[in-house]
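For reference, the structure is listed below as structure tokens.
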Amino acid sequence: MELIYYPDHEQRYAHLPPDERPGYPDEIWIGGLHIKRQKRFEDIKPGETASEVSTLLYAIDVPIHRALN
């Protein structure tokens with residue numbers, strides 16, 4: 001798994017303590033699957049995510065450790 005952070009990541013997550021910010025990557029590569037995290041969990045509609053992985057992986061407001069459980 002590869003976690004990708006955009007240059008403005010620190011600014012967008014400034015409301016979180018610095019040690020928590022790495023838990024919210026902007027993109028995730030898992031094998032051949034590329035997941036862009038662009039919406040809050042409550043805003044993701046059915047069919048917007050790959051059916052073989054958890055919708056939590058797509059949510060910008062869900063930490064990666066929670067999404068992987």
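Order determines the names: the first chain of the structure tokens is A, the second B, and so forth; residues in each chain are numbered 1 upward, and ligands are numbered 1 upward as they are shown.
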
Residue neighbourhood A:Arg40, 10 Å, only C-alpha atoms, exclusion window fewer than 5 positions, as a CSV table (one decimal) with all heavy atoms, in the first residue's frame:
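Contents of out.csv, as written:
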```
chain,number,residue,atom,x,y,z
A,56,LEU,N,-15.0,3.3,3.4
A,56,LEU,CA,-14.2,4.1,4.4
A,56,LEU,C,-12.9,4.5,3.8
A,56,LEU,O,-12.4,5.6,4.1
A,56,LEU,CB,-14.0,3.4,5.7
A,56,LEU,CG,-15.3,3.1,6.5
A,56,LEU,CD1,-14.9,2.2,7.7
A,56,LEU,CD2,-16.0,4.3,7.0
A,58,TYR,N,-12.3,5.7,0.9
A,58,TYR,CA,-12.5,6.8,0.1
A,58,TYR,C,-12.8,8.1,0.8
A,58,TYR,O,-12.8,9.2,0.2
A,58,TYR,CB,-13.7,6.5,-0.9
A,58,TYR,CG,-13.4,5.6,-2.0
A,58,TYR,CD1,-13.4,4.2,-1.7
A,58,TYR,CD2,-13.0,6.0,-3.2
A,58,TYR,CE1,-13.2,3.3,-2.7
A,58,TYR,CE2,-12.7,5.1,-4.2
A,58,TYR,CZ,-12.8,3.7,-4.0
A,58,TYR,OH,-12.5,2.8,-4.9
A,59,ALA,N,-13.0,8.0,2.1
A,59,ALA,CA,-13.5,9.2,2.9
A,59,ALA,C,-12.3,10.0,3.4
A,59,ALA,O,-11.5,9.5,4.1
A,59,ALA,CB,-14.4,8.7,4.0
A,60,ILE,N,-12.4,11.3,3.2
A,60,ILE,CA,-11.3,12.2,3.7
A,60,ILE,C,-11.4,12.4,5.2
A,60,ILE,O,-10.4,12.8,5.8
A,60,ILE,CB,-11.4,13.6,3.0
A,60,ILE,CG1,-12.7,14.3,3.3
A,60,ILE,CG2,-11.2,13.5,1.5
A,60,ILE,CD1,-12.8,15.8,2.9
A,61,ASP,N,-12.6,12.1,5.8
A,61,ASP,CA,-12.7,12.3,7.2
A,61,ASP,C,-12.6,11.0,8.1
A,61,ASP,O,-12.9,11.0,9.2
A,61,ASP,CB,-14.0,13.0,7.5
A,61,ASP,CG,-15.2,12.2,7.0
A,61,ASP,OD1,-15.1,11.4,6.1
A,61,ASP,OD2,-16.4,12.4,7.5
A,62,VAL,N,-12.0,10.0,7.5
A,62,VAL,CA,-11.8,8.7,8.2
A,62,VAL,C,-10.3,8.4,8.2
A,62,VAL,O,-9.7,8.4,7.1
A,62,VAL,CB,-12.6,7.6,7.5
A,62,VAL,CG1,-12.3,6.2,8.2
A,62,VAL,CG2,-14.1,7.8,7.4
```

Do you know which residues are at most 9 Å from A:Glu2 counting only C-alpha atoms, after dropping those on the same chain fewer than 6 positions away, and could you put them as a PDB file with all heavy atoms, in the first residue's frame?
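File produced: part_16.pdb:
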```
ATOM      1  N   GLU A  27      -4.498  10.169  -1.326  1.00  0.00           N
ATOM      2  CA  GLU A  27      -4.711   9.056  -2.250  1.00  0.00           C
ATOM      3  C   GLU A  27      -4.098   7.810  -1.648  1.00  0.00           C
ATOM      4  O   GLU A  27      -3.172   7.884  -0.834  1.00  0.00           O
ATOM      5  CB  GLU A  27      -4.037   9.315  -3.601  1.00  0.00           C
ATOM      6  CG  GLU A  27      -4.550  10.497  -4.361  1.00  0.00           C
ATOM      7  CD  GLU A  27      -3.853  10.660  -5.712  1.00  0.00           C
ATOM      8  OE1 GLU A  27      -3.405   9.649  -6.293  1.00  0.00           O
ATOM      9  OE2 GLU A  27      -3.764  11.805  -6.165  1.00  0.00           O
ATOM     10  N   ILE A  28      -4.604   6.662  -2.088  1.00  0.00           N
ATOM     11  CA  ILE A  28      -4.081   5.378  -1.654  1.00  0.00           C
ATOM     12  C   ILE A  28      -3.946   4.485  -2.884  1.00  0.00           C
ATOM     13  O   ILE A  28      -4.853   4.418  -3.705  1.00  0.00           O
ATOM     14  CB  ILE A  28      -5.038   4.700  -0.648  1.00  0.00           C
ATOM     15  CG1 ILE A  28      -5.311   5.609   0.538  1.00  0.00           C
ATOM     16  CG2 ILE A  28      -4.465   3.356  -0.189  1.00  0.00           C
ATOM     17  CD1 ILE A  28      -6.460   5.140   1.407  1.00  0.00           C
ATOM     18  N   TRP A  29      -2.816   3.822  -2.997  1.00  0.00           N
ATOM     19  CA  TRP A  29      -2.622   2.789  -4.010  1.00  0.00           C
ATOM     20  C   TRP A  29      -2.561   1.460  -3.281  1.00  0.00           C
ATOM     21  O   TRP A  29      -1.726   1.261  -2.404  1.00  0.00           O
ATOM     22  CB  TRP A  29      -1.321   3.001  -4.776  1.00  0.00           C
ATOM     23  CG  TRP A  29      -1.376   4.074  -5.801  1.00  0.00           C
ATOM     24  CD1 TRP A  29      -1.067   5.395  -5.620  1.00  0.00           C
ATOM     25  CD2 TRP A  29      -1.765   3.941  -7.164  1.00  0.00           C
ATOM     26  NE1 TRP A  29      -1.247   6.090  -6.791  1.00  0.00           N
ATOM     27  CE2 TRP A  29      -1.671   5.217  -7.760  1.00  0.00           C
ATOM     28  CE3 TRP A  29      -2.187   2.865  -7.945  1.00  0.00           C
ATOM     29  CZ2 TRP A  29      -1.974   5.444  -9.099  1.00  0.00           C
ATOM     30  CZ3 TRP A  29      -2.489   3.100  -9.275  1.00  0.00           C
ATOM     31  CH2 TRP A  29      -2.380   4.369  -9.837  1.00  0.00           C
ATOM     32  N   ILE A  30      -3.464   0.556  -3.617  1.00  0.00           N
ATOM     33  CA  ILE A  30      -3.457  -0.795  -3.043  1.00  0.00           C
ATOM     34  C   ILE A  30      -3.417  -1.758  -4.227  1.00  0.00           C
ATOM     35  O   ILE A  30      -4.401  -1.885  -4.962  1.00  0.00           O
ATOM     36  CB  ILE A  30      -4.707  -1.075  -2.193  1.00  0.00           C
ATOM     37  CG1 ILE A  30      -4.799  -0.075  -1.047  1.00  0.00           C
ATOM     38  CG2 ILE A  30      -4.696  -2.494  -1.675  1.00  0.00           C
ATOM     39  CD1 ILE A  30      -6.051  -0.220  -0.210  1.00  0.00           C
ATOM     40  N   GLY A  31      -2.276  -2.395  -4.421  1.00  0.00           N
ATOM     41  CA  GLY A  31      -2.126  -3.239  -5.608  1.00  0.00           C
ATOM     42  C   GLY A  31      -2.357  -2.399  -6.846  1.00  0.00           C
ATOM     43  O   GLY A  31      -1.738  -1.372  -7.045  1.00  0.00           O
TER      44      GLY A  31
END
```

Residues near stretch 48-55 of chain A, cut-off 9 Å, only C-alpha atoms, skip fewer than 4 positions along chain, as a ChimeraX atom specification:
/A:33,35,41,44,59,67-68

So what do you get for atom CA of A:Arg12 versus atom CA of A:Lys45, distance-wise?
22.8 Å

Within chain A, find each residue whose DSSP state, derived from the backbone, is strand (DSSP E or B), and express the selection as a PyMOL selection string.
chain A and resi 2-4+27-30+33-36+39+59

Please return as a ChimeraX atom specification: the residues of chain A that backbone DSSP assigns to alpha helix (DSSP H).
/A:9-12,64-68

Atoms to include: N, CA, C and O atoms. Write the selected residues as an mmCIF file, in the first residue's frame.
```
data_model
loop_
_atom_site.group_PDB
_atom_site.id
_atom_site.type_symbol
_atom_site.label_atom_id
_atom_site.label_comp_id
_atom_site.auth_asym_id
_atom_site.auth_seq_id
_atom_site.Cartn_x
_atom_site.Cartn_y
_atom_site.Cartn_z
ATOM 1 N N HIS A 9 -1.588 19.374 1.909
ATOM 2 C CA HIS A 9 -2.154 18.472 2.920
ATOM 3 C C HIS A 9 -2.091 19.058 4.332
ATOM 4 O O HIS A 9 -3.074 19.026 5.077
ATOM 5 N N GLU A 10 -0.956 19.582 4.711
ATOM 6 C CA GLU A 10 -0.793 20.133 6.068
ATOM 7 C C GLU A 10 -1.752 21.297 6.322
ATOM 8 O O GLU A 10 -2.267 21.452 7.428
ATOM 9 N N GLN A 11 -2.007 22.096 5.318
ATOM 10 C CA GLN A 11 -2.926 23.224 5.476
ATOM 11 C C GLN A 11 -4.369 22.744 5.619
ATOM 12 O O GLN A 11 -5.117 23.241 6.444
ATOM 13 N N ARG A 12 -4.764 21.776 4.800
ATOM 14 C CA ARG A 12 -6.146 21.276 4.842
ATOM 15 C C ARG A 12 -6.459 20.536 6.130
ATOM 16 O O ARG A 12 -7.592 20.518 6.589
ATOM 17 N N ILE A 64 -6.891 6.435 8.125
ATOM 18 C CA ILE A 64 -6.543 5.232 7.375
ATOM 19 C C ILE A 64 -6.567 3.989 8.261
ATOM 20 O O ILE A 64 -7.006 2.922 7.823
ATOM 21 N N HIS A 65 -6.166 4.095 9.520
ATOM 22 C CA HIS A 65 -6.166 2.908 10.388
ATOM 23 C C HIS A 65 -7.587 2.405 10.633
ATOM 24 O O HIS A 65 -7.824 1.216 10.725
ATOM 25 N N ARG A 66 -8.550 3.296 10.705
ATOM 26 C CA ARG A 66 -9.950 2.892 10.872
ATOM 27 C C ARG A 66 -10.503 2.304 9.576
ATOM 28 O O ARG A 66 -11.271 1.342 9.579
ATOM 29 N N ALA A 67 -10.116 2.866 8.448
ATOM 30 C CA ALA A 67 -10.601 2.387 7.158
ATOM 31 C C ALA A 67 -10.101 0.984 6.848
ATOM 32 O O ALA A 67 -10.793 0.215 6.178
ATOM 33 N N LEU A 68 -8.932 0.640 7.337
ATOM 34 C CA LEU A 68 -8.354 -0.678 7.060
ATOM 35 C C LEU A 68 -8.880 -1.766 7.985
ATOM 36 O O LEU A 68 -8.702 -2.941 7.699
#
```

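Here atom CA of A:His15 stands at a distance of 24.2 Å from atom CA of A:Asn69.
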